[in-house]
$ cat coords33.txt   # compact mmCIF, C-alpha atoms and all ligand atoms
# COMPACT_ATOMS: atom_id res chain seq x y z
CA MET R 16 0.00 0.00 0.00
CA GLU R 17 1.12 3.54 -0.85
CA ASN R 18 2.69 5.41 2.06
CA LEU R 19 0.15 8.09 2.90
CA LYS R 20 2.63 9.83 5.20
CA SER R 21 4.35 11.17 2.08
CA LYS R 22 1.08 12.77 0.91
CA LYS R 23 -0.02 16.28 1.69
CA ILE R 24 -3.38 16.27 3.43
CA GLY R 25 -5.85 19.18 3.36
CA TRP R 26 -8.60 19.83 5.91
CA ILE R 27 -11.52 22.20 5.32
CA GLY R 28 -13.82 22.96 8.27
CA LEU R 29 -12.64 23.56 11.81
CA GLY R 30 -15.90 23.47 13.75
CA ALA R 31 -16.82 21.33 16.76
CA MET R 32 -16.00 18.10 14.90
CA GLY R 33 -13.41 19.19 12.36
CA THR R 34 -10.99 20.64 14.92
CA PRO R 35 -10.41 17.47 16.99
CA MET R 36 -10.39 15.29 13.85
CA ALA R 37 -7.75 17.46 12.16
CA LYS R 38 -5.72 17.39 15.38
CA ASN R 39 -5.71 13.60 15.31
CA LEU R 40 -4.17 13.61 11.82
CA ILE R 41 -1.44 16.03 12.96
CA ASN R 42 -0.77 13.95 16.07
CA ALA R 43 -0.49 10.84 13.86
CA GLY R 44 2.32 12.55 11.93
CA TYR R 45 0.49 13.67 8.79
CA ASN R 46 1.45 16.82 6.90
CA LEU R 47 -1.74 18.86 7.25
CA THR R 48 -2.86 22.13 5.64
CA VAL R 49 -6.08 23.61 7.00
CA TYR R 50 -8.67 26.11 5.77
CA ASN R 51 -11.62 27.51 7.67
CA ARG R 52 -14.05 30.24 6.57
CA THR R 53 -13.40 32.03 9.89
CA SER R 54 -9.64 32.02 9.56
CA SER R 55 -8.85 32.63 13.26
CA LYS R 56 -9.97 29.04 14.01
CA SER R 57 -6.89 27.80 12.11
CA ASN R 58 -4.50 29.31 14.69
CA LYS R 59 -4.76 26.47 17.21
CA LEU R 60 -3.93 23.93 14.50
CA VAL R 61 -0.99 26.00 13.22
CA GLU R 62 0.37 26.07 16.79
CA ILE R 63 0.61 22.26 16.75
CA GLY R 64 2.17 21.96 13.31
CA ALA R 65 -0.42 22.58 10.57
CA GLN R 66 -0.02 25.01 7.68
CA ALA R 67 -2.94 27.36 7.02
CA SER R 68 -4.29 28.15 3.57
CA ASP R 69 -6.43 31.18 2.81
CA SER R 70 -8.77 29.64 0.23
CA PRO R 71 -10.19 26.22 -0.69
CA GLN R 72 -8.70 26.64 -4.17
CA LYS R 73 -5.16 27.19 -2.85
CA LEU R 74 -5.50 24.34 -0.37
CA PHE R 75 -6.64 22.06 -3.19
CA ASP R 76 -3.66 23.04 -5.35
CA GLU R 77 -1.22 22.48 -2.45
CA THR R 78 -2.44 19.07 -1.23
CA ASP R 79 -3.17 15.52 -2.47
CA ILE R 80 -6.09 14.39 -0.33
CA VAL R 81 -8.67 16.89 0.98
CA PHE R 82 -11.12 16.32 3.84
CA LEU R 83 -14.26 18.40 4.34
CA MET R 84 -16.10 18.66 7.67
CA ILE R 85 -18.54 21.53 7.25
CA SER R 86 -22.16 22.25 8.10
CA ASP R 87 -24.45 21.42 5.22
CA ASP R 88 -25.17 21.41 1.47
CA TYR R 89 -25.03 25.20 1.39
CA ALA R 90 -21.53 25.23 2.94
CA VAL R 91 -20.39 22.49 0.55
CA LYS R 92 -21.65 24.50 -2.43
CA SER R 93 -19.74 27.58 -1.17
CA VAL R 94 -16.53 25.61 -0.74
CA PHE R 95 -16.79 24.00 -4.18
CA ASN R 96 -18.38 26.77 -6.26
CA GLY R 97 -17.24 29.97 -4.49
CA ASP R 98 -14.94 32.53 -6.14
CA GLU R 99 -11.90 30.75 -4.71
CA GLY R 100 -13.61 27.38 -4.45
CA LEU R 101 -12.24 23.90 -5.11
CA LEU R 102 -13.74 23.83 -8.59
CA LYS R 103 -11.75 26.92 -9.61
CA SER R 104 -8.62 24.75 -9.44
CA SER R 105 -7.45 22.82 -12.48
CA SER R 106 -5.48 20.34 -10.37
CA LYS R 107 -6.03 16.65 -11.14
CA GLY R 108 -5.51 13.32 -9.42
CA LYS R 109 -6.80 14.47 -6.03
CA VAL R 110 -9.11 12.67 -3.62
CA ILE R 111 -11.82 14.66 -1.79
CA ILE R 112 -13.31 13.00 1.28
CA ASN R 113 -16.47 14.76 2.45
CA MET R 114 -17.20 13.75 6.06
CA SER R 115 -19.97 16.33 6.53
CA THR R 116 -23.58 15.16 6.81
CA VAL R 117 -25.04 16.34 3.50
CA SER R 118 -27.58 15.11 0.98
CA PRO R 119 -26.83 11.98 -1.08
CA GLN R 120 -27.77 14.02 -4.17
CA ILE R 121 -25.08 16.67 -3.67
CA SER R 122 -22.51 13.92 -3.16
CA ARG R 123 -23.51 12.17 -6.39
CA ASP R 124 -23.49 15.45 -8.35
CA LEU R 125 -20.07 16.43 -6.98
CA ALA R 126 -18.66 12.96 -7.60
CA LYS R 127 -19.65 13.31 -11.27
CA THR R 128 -18.12 16.80 -11.56
CA CYS R 129 -14.92 15.77 -9.76
CA ASN R 130 -14.62 12.70 -11.96
CA GLU R 131 -14.96 14.83 -15.11
CA ASN R 132 -12.18 17.06 -13.73
CA GLY R 133 -9.86 14.10 -13.13
CA ASN R 134 -10.44 13.89 -9.37
CA THR R 135 -12.20 11.47 -7.00
CA TYR R 136 -14.98 12.33 -4.51
CA VAL R 137 -15.88 10.14 -1.52
CA ASP R 138 -18.71 10.62 0.99
CA ALA R 139 -17.70 9.51 4.49
CA PRO R 140 -20.04 10.92 7.18
CA VAL R 141 -19.55 9.90 10.78
CA SER R 142 -21.50 8.54 13.73
CA GLY R 143 -20.34 9.91 17.08
CA SER R 144 -19.93 13.37 18.49
CA ILE R 145 -17.17 15.62 19.90
CA LYS R 146 -15.96 12.99 22.39
CA GLN R 147 -15.64 10.31 19.68
CA ALA R 148 -14.03 12.83 17.30
CA THR R 149 -11.49 13.64 20.02
CA ASP R 150 -10.64 10.08 21.03
CA ALA R 151 -10.81 8.82 17.41
CA SER R 152 -13.66 6.38 18.06
CA LEU R 153 -15.98 7.62 15.32
CA VAL R 154 -17.80 5.13 13.11
CA ILE R 155 -17.44 6.12 9.47
CA MET R 156 -19.87 5.26 6.63
CA VAL R 157 -18.21 5.40 3.24
CA GLY R 158 -19.53 5.74 -0.30
CA ALA R 159 -16.71 4.99 -2.73
CA ASP R 160 -15.35 2.30 -5.03
CA GLU R 161 -13.36 -0.42 -3.33
CA ASN R 162 -9.92 0.67 -4.55
CA THR R 163 -10.43 4.23 -3.39
CA PHE R 164 -11.73 2.98 -0.05
CA LYS R 165 -8.65 0.80 0.45
CA SER R 166 -6.34 3.66 -0.49
CA ILE R 167 -7.79 6.03 2.14
CA GLU R 168 -8.53 3.48 4.86
CA PRO R 169 -5.32 4.21 6.85
CA LEU R 170 -6.41 7.84 7.17
CA LEU R 171 -9.92 6.86 8.24
CA GLU R 172 -8.38 4.57 10.87
CA VAL R 173 -6.68 7.62 12.40
CA LEU R 174 -10.06 9.38 12.70
CA GLY R 175 -12.32 6.56 13.82
CA LYS R 176 -12.51 3.06 15.26
CA LYS R 177 -14.29 1.54 12.26
CA ALA R 178 -14.91 2.52 8.66
CA PHE R 179 -17.59 0.66 6.68
CA LEU R 180 -17.65 0.70 2.89
CA ILE R 181 -21.41 0.83 2.26
CA GLY R 182 -21.48 1.16 -1.53
CA SER R 183 -21.04 3.75 -4.27
CA VAL R 184 -20.91 7.52 -3.61
CA GLY R 185 -24.05 8.72 -1.79
CA ARG R 186 -24.55 5.49 0.17
CA GLY R 187 -22.53 6.87 3.09
CA ASN R 188 -24.87 9.86 3.30
CA GLU R 189 -27.94 7.61 3.00
CA THR R 190 -26.74 5.44 5.87
CA LYS R 191 -26.06 8.54 7.96
CA LEU R 192 -29.62 9.83 7.36
CA ALA R 193 -30.96 6.55 8.76
CA VAL R 194 -28.61 6.66 11.77
CA ASN R 195 -29.66 10.21 12.58
CA LEU R 196 -33.33 9.30 12.24
CA PHE R 197 -32.67 6.77 15.03
CA LEU R 198 -30.84 9.44 17.05
CA SER R 199 -33.70 11.92 16.71
CA ILE R 200 -36.25 9.28 17.76
CA ILE R 201 -34.19 8.30 20.83
CA THR R 202 -33.69 11.94 21.78
CA GLN R 203 -37.34 12.85 21.43
CA GLY R 204 -38.34 9.55 23.08
CA LEU R 205 -36.12 10.17 26.10
CA SER R 206 -37.56 13.69 26.39
CA GLU R 207 -41.14 12.44 26.32
CA VAL R 208 -40.40 9.70 28.87
CA VAL R 209 -38.89 12.21 31.33
CA LEU R 210 -41.72 14.73 30.82
CA PHE R 211 -44.34 11.99 31.25
CA ALA R 212 -42.65 10.71 34.42
CA ASN R 213 -42.58 14.28 35.78
CA GLU R 214 -46.31 14.66 35.03
CA LEU R 215 -46.98 11.53 37.07
CA GLY R 216 -44.93 12.93 39.95
CA VAL R 217 -41.69 10.99 39.38
CA GLU R 218 -38.59 13.19 39.46
CA SER R 219 -36.15 13.33 36.56
CA ASN R 220 -33.25 11.84 38.52
CA GLN R 221 -35.49 8.94 39.65
CA ILE R 222 -36.66 7.95 36.17
CA LEU R 223 -33.17 8.44 34.69
CA ASN R 224 -31.51 6.37 37.44
CA VAL R 225 -33.95 3.52 36.76
CA ILE R 226 -33.37 3.64 32.99
CA ASN R 227 -29.59 3.92 33.31
CA GLU R 228 -29.33 0.95 35.68
CA GLY R 229 -31.58 -1.27 33.53
CA GLY R 230 -31.57 -2.98 30.17
CA LEU R 231 -32.41 0.27 28.36
CA SER R 232 -29.19 1.97 29.46
CA SER R 233 -26.77 3.21 26.79
CA PRO R 234 -23.78 5.57 26.65
CA TYR R 235 -25.97 8.08 24.78
CA VAL R 236 -28.78 8.09 27.33
CA LYS R 237 -26.24 8.29 30.19
CA ALA R 238 -24.50 11.28 28.61
CA LYS R 239 -27.76 13.11 27.87
CA SER R 240 -29.13 12.36 31.37
CA GLN R 241 -26.57 14.78 32.78
CA ALA R 242 -27.78 17.55 30.46
CA ILE R 243 -31.41 16.92 31.48
CA LEU R 244 -30.59 16.89 35.20
CA HIS R 245 -28.62 20.15 34.98
CA ASN R 246 -31.14 21.61 32.51
CA GLU R 247 -28.16 22.85 30.48
CA TYR R 248 -27.70 22.05 26.83
CA PRO R 249 -24.35 23.31 25.49
CA SER R 250 -24.01 22.01 21.95
CA ALA R 251 -22.17 18.76 21.23
CA PHE R 252 -24.37 17.99 18.21
CA SER R 253 -26.45 21.08 17.55
CA LEU R 254 -30.22 20.92 17.26
CA LYS R 255 -30.05 22.92 14.01
CA HIS R 256 -27.82 20.23 12.45
CA MET R 257 -30.35 17.54 13.43
CA ALA R 258 -33.16 19.66 11.93
CA LYS R 259 -31.07 19.87 8.75
CA ASP R 260 -30.53 16.09 8.65
CA LEU R 261 -34.25 15.33 9.16
CA LYS R 262 -35.08 17.81 6.38
CA ILE R 263 -32.76 15.92 4.03
CA ALA R 264 -34.35 12.64 5.20
CA LYS R 265 -37.81 14.08 4.43
CA GLU R 266 -36.60 15.15 0.96
CA ASN R 267 -35.50 11.51 0.56
CA ASN R 268 -39.03 10.18 1.23
CA LEU R 269 -38.94 9.69 5.01
CA ASN R 270 -42.57 8.95 5.90
CA PHE R 271 -43.05 6.99 9.14
CA ALA R 272 -45.03 7.95 12.24
CA LEU R 273 -42.05 8.56 14.55
CA GLY R 274 -39.92 10.07 11.80
CA ASN R 275 -42.66 12.52 10.84
CA ALA R 276 -43.14 13.49 14.51
CA THR R 277 -39.42 14.15 15.10
CA PHE R 278 -39.16 16.01 11.78
CA GLU R 279 -41.94 18.38 12.90
CA SER R 280 -40.57 19.04 16.38
CA PHE R 281 -36.96 19.62 15.30
CA GLN R 282 -38.02 22.00 12.49
CA ASN R 283 -40.24 23.93 14.94
CA ALA R 284 -37.57 24.07 17.67
CA LYS R 285 -34.62 25.13 15.54
CA GLU R 286 -35.52 28.83 15.42
CA THR R 287 -35.16 29.35 19.18
CA LEU R 288 -33.02 26.35 20.22
CA GLY R 289 -30.96 25.66 17.08
CA ASP R 290 -27.58 26.52 18.58
CA PHE R 291 -28.12 24.32 21.64
CA ASP R 292 -27.57 20.57 21.80
CA VAL R 293 -30.11 18.15 20.26
CA MET R 294 -31.20 17.24 23.78
CA ALA R 295 -32.68 20.76 24.12
CA ILE R 296 -35.65 19.32 22.20
CA ILE R 297 -36.98 18.50 25.69
CA LYS R 298 -37.39 22.24 26.33
CA TYR R 299 -39.38 22.65 23.14
CA LEU R 300 -41.61 19.63 23.91
CA LYS R 301 -42.21 20.92 27.44
CA SER R 302 -43.10 24.42 26.21
CA GLU R 303 -45.53 22.99 23.65
CA LYS R 304 -47.35 20.95 26.25
CA TYR R 305 -47.81 23.49 29.05
P1 LIG H 1 -20.03 23.31 13.43
O1 LIG H 1 -19.33 23.28 14.72
O2 LIG H 1 -21.28 24.14 13.29
O3 LIG H 1 -18.96 23.73 12.31
C1 LIG H 1 -19.38 23.97 11.00
C2 LIG H 1 -18.17 24.20 10.11
O4 LIG H 1 -18.64 24.48 8.77
C3 LIG H 1 -17.29 25.41 10.51
O5 LIG H 1 -15.96 25.16 10.18
C4 LIG H 1 -17.89 26.52 9.62
O6 LIG H 1 -17.00 27.59 9.39
C5 LIG H 1 -18.10 25.73 8.33
N1 LIG H 1 -19.07 26.41 7.47
C6 LIG H 1 -20.38 26.64 7.71
N2 LIG H 1 -20.94 27.31 6.68
C7 LIG H 1 -19.95 27.50 5.78
C8 LIG H 1 -19.90 28.11 4.50
N3 LIG H 1 -20.99 28.67 3.94
N4 LIG H 1 -18.72 28.12 3.84
C9 LIG H 1 -17.62 27.55 4.39
N5 LIG H 1 -17.58 26.95 5.59
C10 LIG H 1 -18.75 26.92 6.27
O7 LIG H 1 -20.48 21.86 12.96
P2 LIG H 1 -19.95 20.43 13.46
O8 LIG H 1 -20.70 20.05 14.68
O9 LIG H 1 -18.47 20.43 13.45
O10 LIG H 1 -20.53 19.51 12.29
C11 LIG H 1 -19.91 19.42 11.02
C12 LIG H 1 -20.66 18.38 10.20
O11 LIG H 1 -20.59 17.11 10.87
C13 LIG H 1 -22.16 18.67 10.00
O12 LIG H 1 -22.55 18.24 8.74
C14 LIG H 1 -22.82 17.85 11.10
O13 LIG H 1 -24.15 17.50 10.78
C15 LIG H 1 -21.90 16.64 11.13
N6 LIG H 1 -21.84 15.90 12.41
C16 LIG H 1 -21.75 16.58 13.60
C17 LIG H 1 -21.70 15.86 14.78
C18 LIG H 1 -21.61 16.53 16.14
O14 LIG H 1 -21.82 15.85 17.14
N7 LIG H 1 -21.31 17.81 16.24
C19 LIG H 1 -21.72 14.45 14.75
C20 LIG H 1 -21.78 13.80 13.53
C21 LIG H 1 -21.83 14.55 12.36
P3 LIG H 1 -16.99 28.85 10.42
O15 LIG H 1 -16.06 28.46 11.53
O16 LIG H 1 -16.49 29.97 9.58
O17 LIG H 1 -18.41 29.07 10.88
$ encode --input "coords33.txt" --output "structure tokens" --more "lines below"
Ligand code: NAP
Amino acid sequence: MENLKSKKIGWIGLGAMGTPMAKNLINAGYNLTVYNRTSSKSNKLVEIGAQASDSPQKLFDETDIVFLMISDDYAVKSVFNGDEGLLKSSSKGKVIINMSTVSPQISRDLAKTCNENGNTYVDAPVSGSIKQATDASLVIMVGADENTFKSIEPLLEVLGKKAFLIGSVGRGNETKLAVNLFLSIITQGLSEVVLFANELGVESNQILNVINEGGLSSPYVKAKSQAILHNEYPSAFSLKHMAKDLKIAKENNLNFALGNATFESFQNAKETLGDFDVMAIIKYLKSEKY
């Protein structure tokens, strides 16, 4: 296998997830160049050995393999099609690995464009949040051909504990939509259970202790229990990003009872609670009821 340590790696997007993931590549000894729309966020990475680039186009010209970890389809369009976007470059032979949660359609369209330009596009969204991004225990869902997957697997192993090749480009995003549907249902379900228990006169810590000691316990429910008990929801995975993912799921024919219910509540809550954690949906559900 080709030695990836001799390659120049680019990283676009230094938000809550992108920053710890990029750090893991630097700590693993990779030569990393970073770009972020808000350029000051690059400073911390430069301090530990990264180079900073001032446009996606320049970063693309200067590197061999480029990761993206940015918000949504709109951000991806800006990074590709902007005045100094990736598509302004005439470089060839590059691999672009988009780890953002975006629509399967945008991935398929970009894969076609990149292919026509002599480059390769891979979708590789992740399951896990800031903690898993930091300790490199993300689970990665990949849409790519097998050879491309094999060629980038050592990099994915630096970022996560397991990378699954699901199928061709777009399949990673489709898998991620399904995973986040599950996440939204669990999050809304946990909220409703706590609110119902409270209505009956059972305190939040009592119902959560029972759940967390029993067969329904999970690392996710344990972590979110703390947020509920403190009634504080600093963002790990923001509610607005979940609303975005459910909107993409809806555009991809999501039509089940629980899915429709979570779609509605996350869209309604995002205006006031969008920058808080997904678990803040409990505040919206409580305010709707009383
Ligand atoms: P975040 O903290 O909100 O960071 C978003 C990043 O996207 C920032 O670097 C931001 O740049 C950049 N960005 C936004 N709009 C842009 C635009 N128009 N042009 C260029 N760059 C733009 O988000 P995150 O939590 O890291 O999530 C990143 C992706 O991973 C999302 O697709 C999310 O759904 C997915 N994800 C998140 C989690 C999680 O737990 N947080 C878990 C799994 C998957 P600025 O710094 O300039 O704003």
$ residues_near_ligand --input "coords33.txt" --ligand "ligand LIG 1 (chain H)" --cutoff "7 Å" --atoms "all atoms listed in the file" --output "PyMOL selection string"
chain R and resi 28-33+51-53+56+84-87+89-91+93-94+114-117+140-145+251-253+256-257+260
$ closest_residue --input "coords33.txt" --among "R:Thr202, R:Ser106, R:Thr149, R:Asn267" --to "Leu40 of chain R" --atoms "all atoms listed in the file"
R:Thr149
$ atom_distance --input "coords33.txt" --atom1 "atom CA of Leu254 of chain R" --atom2 "atom CA of Lys177 of chain R"
25.6 Å
$ atom_distance --input "coords33.txt" --atom1 "atom CA of Asn195 of chain R" --atom2 "atom CA of Gly175 of chain R"
17.8 Å
$ closest_residue --input "coords33.txt" --among "R:Leu198, R:Ala148, R:Ala43, R:Ala295" --to "Glu247 of chain R" --atoms "only C-alpha atoms"
R:Ala295
$ residues_near_point --input "coords33.txt" --point "(-29.6, 8.9, 28.2)" --cutoff "10 Å" --atoms "only C-alpha atoms" --output "number ranges by chain"
R: 201-202, 205-206, 223-224, 226-227, 231-243, 294
$ closest_residue --input "coords33.txt" --among "R:Ile112, R:Ala65, R:Asp88, R:Leu215" --to "Leu171 of chain R" --atoms "all atoms listed in the file"
R:Ile112
$ residues_around --input "coords33.txt" --residues "Glu279 of chain R" --least-positions-apart "2" --cutoff "12 Å" --atoms "only C-alpha atoms" --output "VMD selection string"
chain R and resid 199 to 200 203 257 to 259 261 to 262 265 270 272 to 277 281 to 285 296 299 to 300
$ closest_residue --input "coords33.txt" --among "R:Met36, R:Leu101, R:Ile24, R:Lys127" --to "Ser152 of chain R" --atoms "all atoms listed in the file"
R:Met36
$ closest_residue --input "coords33.txt" --among "R:Leu83, R:Pro35, R:Asn188, R:Ser21" --to "Lys146 of chain R" --atoms "only C-alpha atoms"
R:Pro35
$ atom_distance --input "coords33.txt" --atom1 "atom CA of Ala212 of chain R" --atom2 "atom CA of Leu244 of chain R"
13.6 Å
$ closest_residue --input "coords33.txt" --among "R:Gly133, R:Phe278, R:Gly25, R:Ala37" --to "Ile80 of chain R" --atoms "all atoms listed in the file"
R:Gly25
$ decode --input "coords33.txt" --residues "segment 114-128 of chain R" --atoms "N, CA, C and O atoms" --output "mmCIF file, in the first residue's frame"
data_model
loop_
_atom_site.group_PDB
_atom_site.id
_atom_site.type_symbol
_atom_site.label_atom_id
_atom_site.label_comp_id
_atom_site.auth_asym_id
_atom_site.auth_seq_id
_atom_site.Cartn_x
_atom_site.Cartn_y
_atom_site.Cartn_z
ATOM 1 N N MET R 114 -16.709 14.419 4.850
ATOM 2 C CA MET R 114 -17.196 13.746 6.057
ATOM 3 C C MET R 114 -18.398 14.474 6.669
ATOM 4 O O MET R 114 -18.942 14.043 7.681
ATOM 5 N N SER R 115 -18.809 15.575 6.052
ATOM 6 C CA SER R 115 -19.975 16.326 6.530
ATOM 7 C C SER R 115 -21.242 15.498 6.298
ATOM 8 O O SER R 115 -21.273 14.644 5.420
ATOM 9 N N THR R 116 -22.287 15.797 7.085
ATOM 10 C CA THR R 116 -23.581 15.162 6.807
ATOM 11 C C THR R 116 -24.316 16.038 5.801
ATOM 12 O O THR R 116 -24.782 17.129 6.144
ATOM 13 N N VAL R 117 -24.385 15.575 4.573
ATOM 14 C CA VAL R 117 -25.039 16.339 3.499
ATOM 15 C C VAL R 117 -25.953 15.395 2.719
ATOM 16 O O VAL R 117 -26.036 14.206 3.023
ATOM 17 N N SER R 118 -26.624 15.940 1.711
ATOM 18 C CA SER R 118 -27.584 15.106 0.983
ATOM 19 C C SER R 118 -26.854 14.130 0.055
ATOM 20 O O SER R 118 -25.797 14.460 -0.497
ATOM 21 N N PRO R 119 -27.428 12.934 -0.123
ATOM 22 C CA PRO R 119 -26.832 11.983 -1.080
ATOM 23 C C PRO R 119 -26.750 12.585 -2.484
ATOM 24 O O PRO R 119 -25.800 12.318 -3.216
ATOM 25 N N GLN R 120 -27.742 13.443 -2.821
ATOM 26 C CA GLN R 120 -27.767 14.024 -4.171
ATOM 27 C C GLN R 120 -26.559 14.908 -4.425
ATOM 28 O O GLN R 120 -25.937 14.835 -5.486
ATOM 29 N N ILE R 121 -26.213 15.756 -3.440
ATOM 30 C CA ILE R 121 -25.081 16.672 -3.671
ATOM 31 C C ILE R 121 -23.802 15.853 -3.805
ATOM 32 O O ILE R 121 -22.923 16.172 -4.619
ATOM 33 N N SER R 122 -23.699 14.768 -3.050
ATOM 34 C CA SER R 122 -22.505 13.922 -3.163
ATOM 35 C C SER R 122 -22.411 13.307 -4.553
ATOM 36 O O SER R 122 -21.344 13.282 -5.165
ATOM 37 N N ARG R 123 -23.543 12.806 -5.063
ATOM 38 C CA ARG R 123 -23.509 12.171 -6.394
ATOM 39 C C ARG R 123 -23.180 13.205 -7.476
ATOM 40 O O ARG R 123 -22.393 12.937 -8.381
ATOM 41 N N ASP R 124 -23.768 14.399 -7.353
ATOM 42 C CA ASP R 124 -23.487 15.449 -8.348
ATOM 43 C C ASP R 124 -22.012 15.841 -8.308
ATOM 44 O O ASP R 124 -21.360 15.983 -9.355
ATOM 45 N N LEU R 125 -21.479 16.010 -7.088
ATOM 46 C CA LEU R 125 -20.072 16.432 -6.981
ATOM 47 C C LEU R 125 -19.127 15.321 -7.426
ATOM 48 O O LEU R 125 -18.072 15.595 -8.008
ATOM 49 N N ALA R 126 -19.509 14.080 -7.160
ATOM 50 C CA ALA R 126 -18.663 12.956 -7.595
ATOM 51 C C ALA R 126 -18.527 12.971 -9.111
ATOM 52 O O ALA R 126 -17.443 12.753 -9.663
ATOM 53 N N LYS R 127 -19.648 13.278 -9.793
ATOM 54 C CA LYS R 127 -19.645 13.313 -11.267
ATOM 55 C C LYS R 127 -18.743 14.460 -11.746
ATOM 56 O O LYS R 127 -17.869 14.261 -12.605
ATOM 57 N N THR R 128 -18.928 15.636 -11.158
ATOM 58 C CA THR R 128 -18.118 16.804 -11.561
ATOM 59 C C THR R 128 -16.637 16.541 -11.296
ATOM 60 O O THR R 128 -15.782 16.822 -12.153
#
